[in-house]
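Data block for run_36.pdb (PDB, C-alpha atoms):
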ATOM      1  CA  ARG X   1      49.008 -40.173  11.144  1.00  0.00           C
ATOM      2  CA  ASP X   2      46.982 -41.901  13.851  1.00  0.00           C
ATOM      3  CA  THR X   3      45.528 -39.958  16.753  1.00  0.00           C
ATOM      4  CA  LEU X   4      43.819 -40.969  19.922  1.00  0.00           C
ATOM      5  CA  PRO X   5      40.016 -41.032  19.835  1.00  0.00           C
ATOM      6  CA  GLY X   6      38.689 -37.579  20.724  1.00  0.00           C
ATOM      7  CA  ALA X   7      42.098 -35.873  20.345  1.00  0.00           C
ATOM      8  CA  PRO X   8      42.234 -32.751  18.152  1.00  0.00           C
ATOM      9  CA  ARG X   9      43.657 -33.295  14.705  1.00  0.00           C
ATOM     10  CA  PRO X  10      46.859 -31.419  13.830  1.00  0.00           C
ATOM     11  CA  ALA X  11      46.590 -28.388  11.583  1.00  0.00           C
ATOM     12  CA  SER X  12      48.403 -30.202   8.762  1.00  0.00           C
ATOM     13  CA  ASP X  13      45.788 -32.982   8.677  1.00  0.00           C
ATOM     14  CA  PRO X  14      43.779 -32.844   5.396  1.00  0.00           C
ATOM     15  CA  ALA X  15      40.656 -33.648   7.399  1.00  0.00           C
ATOM     16  CA  ARG X  16      40.995 -30.236   9.069  1.00  0.00           C
ATOM     17  CA  GLY X  17      38.571 -28.923   6.509  1.00  0.00           C
ATOM     18  CA  ASP X  18      35.894 -31.186   7.965  1.00  0.00           C
ATOM     19  CA  LEU X  19      36.252 -29.364  11.285  1.00  0.00           C
ATOM     20  CA  ARG X  20      35.885 -26.031   9.524  1.00  0.00           C
ATOM     21  CA  ARG X  21      32.756 -27.239   7.794  1.00  0.00           C
ATOM     22  CA  THR X  22      31.468 -28.497  11.138  1.00  0.00           C
ATOM     23  CA  ARG X  23      32.038 -25.099  12.683  1.00  0.00           C
ATOM     24  CA  ARG X  24      30.180 -23.432   9.831  1.00  0.00           C
ATOM     25  CA  HIS X  25      27.401 -25.967  10.179  1.00  0.00           C
ATOM     26  CA  ARG X  26      27.192 -25.259  13.900  1.00  0.00           C
ATOM     27  CA  GLY X  27      27.016 -21.546  13.083  1.00  0.00           C
ATOM     28  CA  VAL X  28      24.048 -22.175  10.800  1.00  0.00           C
ATOM     29  CA  GLU X  29      22.386 -24.273  13.476  1.00  0.00           C
ATOM     30  CA  HIS X  30      23.037 -21.514  16.007  1.00  0.00           C
ATOM     31  CA  SER X  31      21.403 -18.963  13.682  1.00  0.00           C
ATOM     32  CA  ARG X  32      18.415 -21.218  13.233  1.00  0.00           C
ATOM     33  CA  HIS X  33      18.022 -21.523  16.986  1.00  0.00           C
ATOM     34  CA  ARG X  34      18.191 -17.767  17.313  1.00  0.00           C
ATOM     35  CA  ARG X  35      15.538 -17.335  14.637  1.00  0.00           C
ATOM     36  CA  ARG X  36      13.321 -19.849  16.402  1.00  0.00           C
ATOM     37  CA  ARG X  37      13.759 -17.997  19.690  1.00  0.00           C
ATOM     38  CA  ARG X  38      12.963 -14.714  17.948  1.00  0.00           C
ATOM     39  CA  LYS X  39       9.763 -16.156  16.448  1.00  0.00           C
ATOM     40  CA  LYS X  40       8.836 -17.612  19.816  1.00  0.00           C
ATOM     41  CA  THR X  41       9.364 -14.240  21.500  1.00  0.00           C
ATOM     42  CA  LEU X  42       7.300 -12.502  18.820  1.00  0.00           C
ATOM     43  CA  ALA X  43       4.457 -14.958  19.237  1.00  0.00           C
ATOM     44  CA  SER X  44       4.583 -14.524  23.012  1.00  0.00           C
ATOM     45  CA  GLU X  45       4.444 -10.761  22.706  1.00  0.00           C
ATOM     46  CA  LEU X  46       1.659 -10.997  20.151  1.00  0.00           C
ATOM     47  CA  LEU X  47      -0.587 -13.106  22.305  1.00  0.00           C
ATOM     48  CA  GLY X  48       0.681 -11.995  25.706  1.00  0.00           C
ATOM     49  CA  VAL X  49       1.258 -15.589  26.809  1.00  0.00           C
ATOM     50  CA  PRO X  50       4.849 -16.335  27.967  1.00  0.00           C
ATOM     51  CA  GLY X  51       6.500 -19.423  26.546  1.00  0.00           C
ATOM     52  CA  ILE X  52       4.114 -20.025  23.657  1.00  0.00           C
ATOM     53  CA  GLY X  53       5.647 -21.317  20.435  1.00  0.00           C
ATOM     54  CA  PRO X  54       4.951 -20.124  16.887  1.00  0.00           C
ATOM     55  CA  GLY X  55       3.061 -23.298  15.954  1.00  0.00           C
ATOM     56  CA  ARG X  56       0.623 -22.921  18.809  1.00  0.00           C
ATOM     57  CA  ALA X  57       0.451 -19.191  18.141  1.00  0.00           C
ATOM     58  CA  ARG X  58      -0.725 -19.861  14.585  1.00  0.00           C
ATOM     59  CA  ARG X  59      -3.349 -22.300  15.810  1.00  0.00           C
ATOM     60  CA  LEU X  60      -4.609 -19.886  18.450  1.00  0.00           C
ATOM     61  CA  LEU X  61      -4.676 -16.978  16.016  1.00  0.00           C
ATOM     62  CA  SER X  62      -6.574 -19.086  13.500  1.00  0.00           C
ATOM     63  CA  ARG X  63      -9.115 -19.976  16.189  1.00  0.00           C
ATOM     64  CA  LEU X  64      -9.397 -16.351  17.294  1.00  0.00           C
ATOM     65  CA  LEU X  65      -9.951 -15.150  13.752  1.00  0.00           C
ATOM     66  CA  ARG X  66     -12.725 -17.693  13.263  1.00  0.00           C
ATOM     67  CA  ASP X  67     -14.437 -16.674  16.518  1.00  0.00           C
ATOM     68  CA  PRO X  68     -12.794 -13.486  17.853  1.00  0.00           C
ATOM     69  CA  GLY X  69     -15.339 -12.800  20.593  1.00  0.00           C
ATOM     70  CA  GLU X  70     -15.565  -9.349  22.144  1.00  0.00           C
ATOM     71  CA  ASP X  71     -11.893  -8.729  22.931  1.00  0.00           C
ATOM     72  CA  LEU X  72     -10.353  -8.839  19.453  1.00  0.00           C
ATOM     73  CA  ALA X  73     -11.009  -6.735  16.360  1.00  0.00           C
ATOM     74  CA  VAL X  74      -9.266  -7.551  13.086  1.00  0.00           C
ATOM     75  CA  SER X  75      -9.299  -5.588   9.824  1.00  0.00           C
ATOM     76  CA  THR X  76      -7.767  -7.003   6.666  1.00  0.00           C
ATOM     77  CA  ARG X  77      -6.427  -4.811   3.867  1.00  0.00           C
ATOM     78  CA  ILE X  78      -6.047  -6.694   0.593  1.00  0.00           C
ATOM     79  CA  PHE X  79      -4.143  -5.326  -2.422  1.00  0.00           C
ATOM     80  CA  THR X  80      -3.282  -7.257  -5.563  1.00  0.00           C
ATOM     81  CA  ARG X  81      -0.430  -6.390  -7.877  1.00  0.00           C
ATOM     82  CA  ALA X  82      -2.762  -6.444 -10.890  1.00  0.00           C
ATOM     83  CA  LYS X  83      -5.176  -3.924  -9.373  1.00  0.00           C
ATOM     84  CA  CYS X  84      -2.347  -1.700  -8.145  1.00  0.00           C
ATOM     85  CA  ARG X  85      -0.917  -1.719 -11.643  1.00  0.00           C
ATOM     86  CA  ARG X  86      -4.272  -0.887 -13.197  1.00  0.00           C
ATOM     87  CA  ILE X  87      -4.925   2.142 -11.003  1.00  0.00           C
ATOM     88  CA  CYS X  88      -1.354   3.406 -11.400  1.00  0.00           C
ATOM     89  CA  GLU X  89      -1.528   3.021 -15.178  1.00  0.00           C
ATOM     90  CA  GLU X  90      -4.837   4.926 -15.197  1.00  0.00           C
ATOM     91  CA  ALA X  91      -3.276   7.690 -13.099  1.00  0.00           C
ATOM     92  CA  PHE X  92      -0.229   8.109 -15.327  1.00  0.00           C
ATOM     93  CA  ALA X  93      -2.315   7.931 -18.501  1.00  0.00           C
ATOM     94  CA  TYR X  94      -4.639  10.607 -17.106  1.00  0.00           C
ATOM     95  CA  ALA X  95      -1.686  12.796 -16.141  1.00  0.00           C
ATOM     96  CA  ALA X  96      -0.156  12.417 -19.613  1.00  0.00           C
ATOM     97  CA  LYS X  97      -3.435  13.178 -21.361  1.00  0.00           C
ATOM     98  CA  HIS X  98      -4.229  16.274 -19.322  1.00  0.00           C
ATOM     99  CA  GLY X  99      -0.755  17.753 -19.008  1.00  0.00           C
ATOM    100  CA  TYR X 100       0.120  17.027 -15.385  1.00  0.00           C
ATOM    101  CA  LYS X 101       3.829  16.818 -14.632  1.00  0.00           C
ATOM    102  CA  SER X 102       3.673  14.462 -11.652  1.00  0.00           C
ATOM    103  CA  VAL X 103       1.730  11.598 -10.094  1.00  0.00           C
ATOM    104  CA  THR X 104       1.754  11.165  -6.331  1.00  0.00           C
ATOM    105  CA  VAL X 105       1.335   7.756  -4.688  1.00  0.00           C
ATOM    106  CA  CYS X 106      -0.134   8.546  -1.283  1.00  0.00           C
ATOM    107  CA  GLU X 107      -0.065   5.608   1.120  1.00  0.00           C
ATOM    108  CA  LYS X 108       1.647   4.683   4.401  1.00  0.00           C
ATOM    109  CA  PRO X 109       4.494   2.326   3.436  1.00  0.00           C
ATOM    110  CA  ASN X 110       6.526   3.053   6.568  1.00  0.00           C
ATOM    111  CA  VAL X 111       3.789   1.410   8.667  1.00  0.00           C
ATOM    112  CA  ILE X 112       1.586  -0.670   6.345  1.00  0.00           C
ATOM    113  CA  ARG X 113       4.593  -2.151   4.592  1.00  0.00           C
ATOM    114  CA  GLU X 114       2.921  -4.940   2.642  1.00  0.00           C
ATOM    115  CA  THR X 115      -0.027  -3.225   0.918  1.00  0.00           C
ATOM    116  CA  SER X 116       1.252   0.347   0.811  1.00  0.00           C
ATOM    117  CA  GLY X 117       4.675  -0.968  -0.128  1.00  0.00           C
ATOM    118  CA  MET X 118       3.188  -2.880  -3.050  1.00  0.00           C
ATOM    119  CA  MET X 119       1.374   0.231  -4.322  1.00  0.00           C
ATOM    120  CA  GLU X 120       4.569   2.268  -4.113  1.00  0.00           C
ATOM    121  CA  GLU X 121       6.613  -0.438  -5.849  1.00  0.00           C
ATOM    122  CA  VAL X 122       4.114  -0.820  -8.686  1.00  0.00           C
ATOM    123  CA  GLY X 123       3.981   2.967  -9.065  1.00  0.00           C
ATOM    124  CA  ARG X 124       7.739   2.989  -9.647  1.00  0.00           C
ATOM    125  CA  GLU X 125       7.406   0.220 -12.234  1.00  0.00           C
ATOM    126  CA  VAL X 126       4.635   2.004 -14.145  1.00  0.00           C
ATOM    127  CA  GLN X 127       6.512   5.307 -14.084  1.00  0.00           C
ATOM    128  CA  GLN X 128       9.210   3.723 -16.258  1.00  0.00           C
ATOM    129  CA  ASP X 129       6.747   3.885 -19.167  1.00  0.00           C
ATOM    130  CA  PHE X 130       6.047   7.588 -18.542  1.00  0.00           C
ATOM    131  CA  SER X 131       9.507   9.096 -18.254  1.00  0.00           C
ATOM    132  CA  SER X 132       8.243  12.674 -18.715  1.00  0.00           C
ATOM    133  CA  ILE X 133       6.066  12.424 -15.585  1.00  0.00           C
ATOM    134  CA  GLU X 134       7.600  12.465 -12.126  1.00  0.00           C
ATOM    135  CA  LEU X 135       6.557  10.003  -9.427  1.00  0.00           C
ATOM    136  CA  TRP X 136       6.204  11.353  -5.907  1.00  0.00           C
ATOM    137  CA  SER X 137       5.577   9.126  -2.902  1.00  0.00           C
ATOM    138  CA  THR X 138       4.032  10.521   0.284  1.00  0.00           C
ATOM    139  CA  ASN X 139       2.613   9.315   3.582  1.00  0.00           C
ATOM    140  CA  ILE X 140      -1.061  10.081   4.104  1.00  0.00           C
ATOM    141  CA  ASP X 141      -0.520  12.109   7.288  1.00  0.00           C
ATOM    142  CA  ALA X 142       2.165  14.330   5.771  1.00  0.00           C
ATOM    143  CA  GLN X 143       0.140  14.608   2.565  1.00  0.00           C
ATOM    144  CA  MET X 144      -2.691  16.287   4.453  1.00  0.00           C
ATOM    145  CA  MET X 145      -0.345  19.050   5.543  1.00  0.00           C
ATOM    146  CA  TRP X 146       1.292  19.470   2.140  1.00  0.00           C
ATOM    147  CA  MET X 147      -1.996  19.484   0.236  1.00  0.00           C
ATOM    148  CA  THR X 148      -3.405  22.135   2.557  1.00  0.00           C
ATOM    149  CA  LYS X 149      -0.253  24.206   2.155  1.00  0.00           C
ATOM    150  CA  SER X 150       0.308  23.797  -1.606  1.00  0.00           C
ATOM    151  CA  PRO X 151      -2.668  22.093  -3.288  1.00  0.00           C
ATOM    152  CA  GLU X 152      -1.504  23.226  -6.720  1.00  0.00           C
ATOM    153  CA  ASP X 153       1.420  20.780  -6.496  1.00  0.00           C
ATOM    154  CA  TYR X 154      -0.825  17.709  -6.528  1.00  0.00           C
ATOM    155  CA  GLY X 155      -2.749  17.270  -9.752  1.00  0.00           C
ATOM    156  CA  VAL X 156      -2.976  13.457  -9.748  1.00  0.00           C
ATOM    157  CA  ILE X 157      -2.845  11.387  -6.539  1.00  0.00           C
ATOM    158  CA  VAL X 158      -3.091   7.592  -6.342  1.00  0.00           C
ATOM    159  CA  ALA X 159      -4.287   5.975  -3.106  1.00  0.00           C
ATOM    160  CA  GLY X 160      -6.188   2.977  -1.807  1.00  0.00           C
ATOM    161  CA  ASN X 161      -9.842   3.261  -0.874  1.00  0.00           C
ATOM    162  CA  MET X 162      -9.422   4.417   2.732  1.00  0.00           C
ATOM    163  CA  PHE X 163      -6.712   6.988   2.072  1.00  0.00           C
ATOM    164  CA  GLY X 164      -8.563   8.109  -1.061  1.00  0.00           C
ATOM    165  CA  ASP X 165     -11.618   8.923   1.050  1.00  0.00           C
ATOM    166  CA  ILE X 166      -9.472  10.957   3.417  1.00  0.00           C
ATOM    167  CA  LEU X 167      -7.888  12.830   0.513  1.00  0.00           C
ATOM    168  CA  SER X 168     -11.213  13.630  -1.122  1.00  0.00           C
ATOM    169  CA  ASP X 169     -12.601  15.133   2.077  1.00  0.00           C
ATOM    170  CA  GLU X 170      -9.456  17.220   2.463  1.00  0.00           C
ATOM    171  CA  ALA X 171      -9.820  18.382  -1.135  1.00  0.00           C
ATOM    172  CA  SER X 172     -13.424  19.406  -0.476  1.00  0.00           C
ATOM    173  CA  VAL X 173     -12.313  21.717   2.338  1.00  0.00           C
ATOM    174  CA  ILE X 174      -9.729  23.342   0.061  1.00  0.00           C
ATOM    175  CA  THR X 175     -12.273  23.968  -2.699  1.00  0.00           C
ATOM    176  CA  GLY X 176     -14.915  25.252  -0.302  1.00  0.00           C
ATOM    177  CA  SER X 177     -17.491  22.492   0.065  1.00  0.00           C
ATOM    178  CA  LEU X 178     -18.073  18.775  -0.419  1.00  0.00           C
ATOM    179  CA  GLY X 179     -20.990  19.783  -2.631  1.00  0.00           C
ATOM    180  CA  LEU X 180     -18.666  21.252  -5.250  1.00  0.00           C
ATOM    181  CA  LEU X 181     -16.640  18.160  -6.125  1.00  0.00           C
ATOM    182  CA  PRO X 182     -17.371  15.703  -8.936  1.00  0.00           C
ATOM    183  CA  SER X 183     -16.261  12.076  -8.950  1.00  0.00           C
ATOM    184  CA  ALA X 184     -15.656   9.356 -11.510  1.00  0.00           C
ATOM    185  CA  SER X 185     -15.624   5.625 -10.782  1.00  0.00           C
ATOM    186  CA  VAL X 186     -13.925   4.289 -13.894  1.00  0.00           C
ATOM    187  CA  GLY X 187     -14.312   0.567 -14.540  1.00  0.00           C
ATOM    188  CA  ILE X 188     -13.102  -1.673 -17.333  1.00  0.00           C
ATOM    189  CA  HIS X 189     -16.528  -1.870 -19.009  1.00  0.00           C
ATOM    190  CA  THR X 190     -18.669   0.614 -17.075  1.00  0.00           C
ATOM    191  CA  SER X 191     -18.017   3.971 -15.429  1.00  0.00           C
ATOM    192  CA  VAL X 192     -20.145   6.022 -13.033  1.00  0.00           C
ATOM    193  CA  PHE X 193     -19.962   9.808 -12.649  1.00  0.00           C
ATOM    194  CA  GLU X 194     -21.630  11.512  -9.700  1.00  0.00           C
ATOM    195  CA  PRO X 195     -21.101  14.159  -7.000  1.00  0.00           C
ATOM    196  CA  ILE X 196     -18.449  12.997  -4.587  1.00  0.00           C
ATOM    197  CA  HIS X 197     -20.887  13.053  -1.672  1.00  0.00           C
ATOM    198  CA  GLY X 198     -23.182  10.563  -3.418  1.00  0.00           C
ATOM    199  CA  SER X 199     -26.921  10.931  -2.974  1.00  0.00           C
ATOM    200  CA  TYR X 200     -28.307  13.746  -0.824  1.00  0.00           C
ATOM    201  CA  PRO X 201     -31.879  12.769   0.092  1.00  0.00           C
ATOM    202  CA  GLN X 202     -31.923  15.216   3.014  1.00  0.00           C
ATOM    203  CA  ALA X 203     -32.134  18.080   0.515  1.00  0.00           C
ATOM    204  CA  ALA X 204     -35.110  16.712  -1.406  1.00  0.00           C
ATOM    205  CA  GLY X 205     -37.849  19.308  -1.831  1.00  0.00           C
ATOM    206  CA  LYS X 206     -35.977  22.009   0.137  1.00  0.00           C
ATOM    207  CA  ASN X 207     -34.413  23.873  -2.805  1.00  0.00           C
ATOM    208  CA  ILE X 208     -31.003  23.889  -1.095  1.00  0.00           C
ATOM    209  CA  ALA X 209     -29.001  21.352  -3.119  1.00  0.00           C
ATOM    210  CA  ASN X 210     -25.999  22.722  -4.997  1.00  0.00           C
ATOM    211  CA  PRO X 211     -26.059  21.398  -8.601  1.00  0.00           C
ATOM    212  CA  LEU X 212     -22.441  22.290  -9.388  1.00  0.00           C
ATOM    213  CA  ALA X 213     -21.044  18.882  -8.395  1.00  0.00           C
ATOM    214  CA  THR X 214     -23.544  17.121 -10.653  1.00  0.00           C
ATOM    215  CA  ILE X 215     -22.706  19.420 -13.568  1.00  0.00           C
ATOM    216  CA  ALA X 216     -18.972  18.951 -12.974  1.00  0.00           C
ATOM    217  CA  SER X 217     -19.512  15.184 -12.905  1.00  0.00           C
ATOM    218  CA  ALA X 218     -21.166  15.437 -16.319  1.00  0.00           C
ATOM    219  CA  VAL X 219     -18.075  17.299 -17.549  1.00  0.00           C
ATOM    220  CA  LEU X 220     -15.871  14.453 -16.288  1.00  0.00           C
ATOM    221  CA  MET X 221     -18.069  11.979 -18.136  1.00  0.00           C
ATOM    222  CA  LEU X 222     -17.818  13.941 -21.380  1.00  0.00           C
ATOM    223  CA  ARG X 223     -14.042  14.184 -21.075  1.00  0.00           C
ATOM    224  CA  HIS X 224     -13.904  10.438 -20.436  1.00  0.00           C
ATOM    225  CA  LEU X 225     -15.834   9.965 -23.695  1.00  0.00           C
ATOM    226  CA  ASP X 226     -13.389  12.308 -25.492  1.00  0.00           C
ATOM    227  CA  GLU X 227     -16.121  14.910 -25.943  1.00  0.00           C
ATOM    228  CA  GLU X 228     -13.722  17.707 -25.050  1.00  0.00           C
ATOM    229  CA  LYS X 229     -15.494  20.446 -26.992  1.00  0.00           C
ATOM    230  CA  VAL X 230     -18.845  19.811 -25.313  1.00  0.00           C
ATOM    231  CA  ALA X 231     -17.154  19.586 -21.897  1.00  0.00           C
ATOM    232  CA  ALA X 232     -15.369  22.895 -22.524  1.00  0.00           C
ATOM    233  CA  ARG X 233     -18.655  24.610 -23.472  1.00  0.00           C
ATOM    234  CA  ILE X 234     -20.255  23.474 -20.198  1.00  0.00           C
ATOM    235  CA  ARG X 235     -17.256  24.613 -18.156  1.00  0.00           C
ATOM    236  CA  ALA X 236     -17.335  27.985 -19.897  1.00  0.00           C
TER     237      ALA X 236
END

Entire entry expressed as structure tokens:
Amino acid sequence: RDTLPGAPRPASDPARGDLRRTRRHRGVEHSRHRRRRRKKTLASELLGVPGIGPGRARRLLSRLLRDPGEDLAVSTRIFTRAKCRRICEEAFAYAAKHGYKSVTVCEKPNVIRETSGMMEEVGREVQQDFSSIELWSTNIDAQMMWMTKSPEDYGVIVAGNMFGDILSDEASVITGSLGLLPSASVGIHTSVFEPIHGSYPQAAGKNIANPLATIASAVLMLRHLDEEKVAARIRA
């Protein structure tokens, strides 16, 4: 049936489906425009310059990162899935070997979604191979409270470098002193065992250094080498 140019087609017209597709297409276009406006608003808020578009925002941010000047400070936190998997596998293997019933991933995934989220996700994947060990996930701020309240609940904790430093200092307060804690930096080919505070040159020649952390570090080394009997004799 013929219709005048521009007149609406009747509902019975087979070409009606074209109009429906056009409406859907317009809906997609409308969504795209909304997403563009949202990105534009985000870029404007990020840089504090009204009306700036995302393309220019990227260029300006790139320029700022190359030469930030005095008014911008940027820190980058880089995690890789391979390294997250390695540390989580080490944690679960350690827990299994030494009889711990849980491993806690301590990060901040509700804020640092990308890196902390990756660590948490990989922890869940690795836990599938250790069904007898529970996986707990905590935020670093809440973990400080819980570890102070019930330190016996947290035998093995996995964290990135920054949160790990915070946890180790908290643990030193619980045990009595930073000078009492051993540490192990376990690599693929080489491992280093030392007091958690590192070197202590201020104590040289004063007869005040506490040797317990060094001795405990030696025990960790022996256990790492599967010299359990020798380690047990030292601990005794």

So, with all atoms listed in the file as the atoms that count, which of X:Val156, X:Met162, X:Ala95, X:Leu167 lies closest to Ile133 in chain X?
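Of the candidates, the smallest distance to Ile133 in chain X is held by X:Ala95.
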
Mind telling me what the PyMOL selection byres ((chain X and resi 126) around 10) catches here, as a list in words?
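Output from the PyMOL selection byres ((chain X and resi 126) around 10), applied to this file: Cys84, Arg85, Arg86, Cys88, Glu89, Glu90, Ala91, Phe92, Glu121, Val122, Gly123, Arg124, Glu125, Gln127, Gln128, Asp129, Phe130, Ser131 and Leu135 of chain X.
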
Just want the 6 Å neighbourhood of Ser116 in chain X, counted on only C-alpha atoms, with same-chain residues fewer than 5 positions away dropped. Output as a ChimeraX atom specification.
/X:107-109

Selected residue of minimal separation from Lys83 in chain X among X:Pro182, X:Gly160, X:Gly205, X:Gly176, counting all atoms listed in the file
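Counting all atoms listed in the file, the residue closest to Lys83 in chain X is X:Gly160.
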
What does the distance from CA of Arg113 in chain X to CA of Phe79 in chain X come to in Å, to one decimal?
11.6 Å

Quick one: pull the distance between CA of Ile112 in chain X and CA of Ala184 in chain X, Å, one decimal.
26.8 Å

Distance CA of Ser185 in chain X-CA of Gly117 in chain X, one decimal place?
23.9 Å

Can you tell me, as a list in words, what residues are no more than 10 Å from His197 in chain X when counting only C-alpha atoms, ignoring any on the same chain fewer than 5 positions away?
Ser168, Asp169, Ser172, Leu178, Gly179, Leu180, Leu181, Pro182, Ser183 and Ala213 of chain X

With 3 Å added on each side, what axis-aligned box encloses every listed atom of range 153-171 of chain X? Give the centre and edge lengths in Å to one decimal, as lines of an AutoDock Vina configuration file.
center_x = -5.6
center_y = 11.9
center_z = -3.2
size_x = 20.0
size_y = 23.8
size_z = 19.2

Taking all atoms listed in the file into account, which of X:Ile78, X:Ile87, X:Val230, X:Val158 comes nearest Cys106 in chain X?
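Of X:Ile78, X:Ile87, X:Val230, X:Val158, the one nearest Cys106 in chain X is X:Val158, counting all atoms listed in the file.
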
Here is a test: counting all atoms listed in the file, which residue of X:Glu114, X:Ala231, X:Arg59, X:His98 is nearest to Thr80 in chain X?
X:Glu114

Using all atoms listed in the file for the distances, tell me which of X:Ser199, X:Pro211, X:Lys97, X:Ser150 is nearest to Asp226 in chain X.
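For Asp226 in chain X, the nearest of the candidates is X:Lys97.
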
Evaluate the PyMOL selection byres ((chain X and resi 155) around 9) here and jot the selected residues down as a ChimeraX atom specification.
/X:95,100-104,151-154,156-157
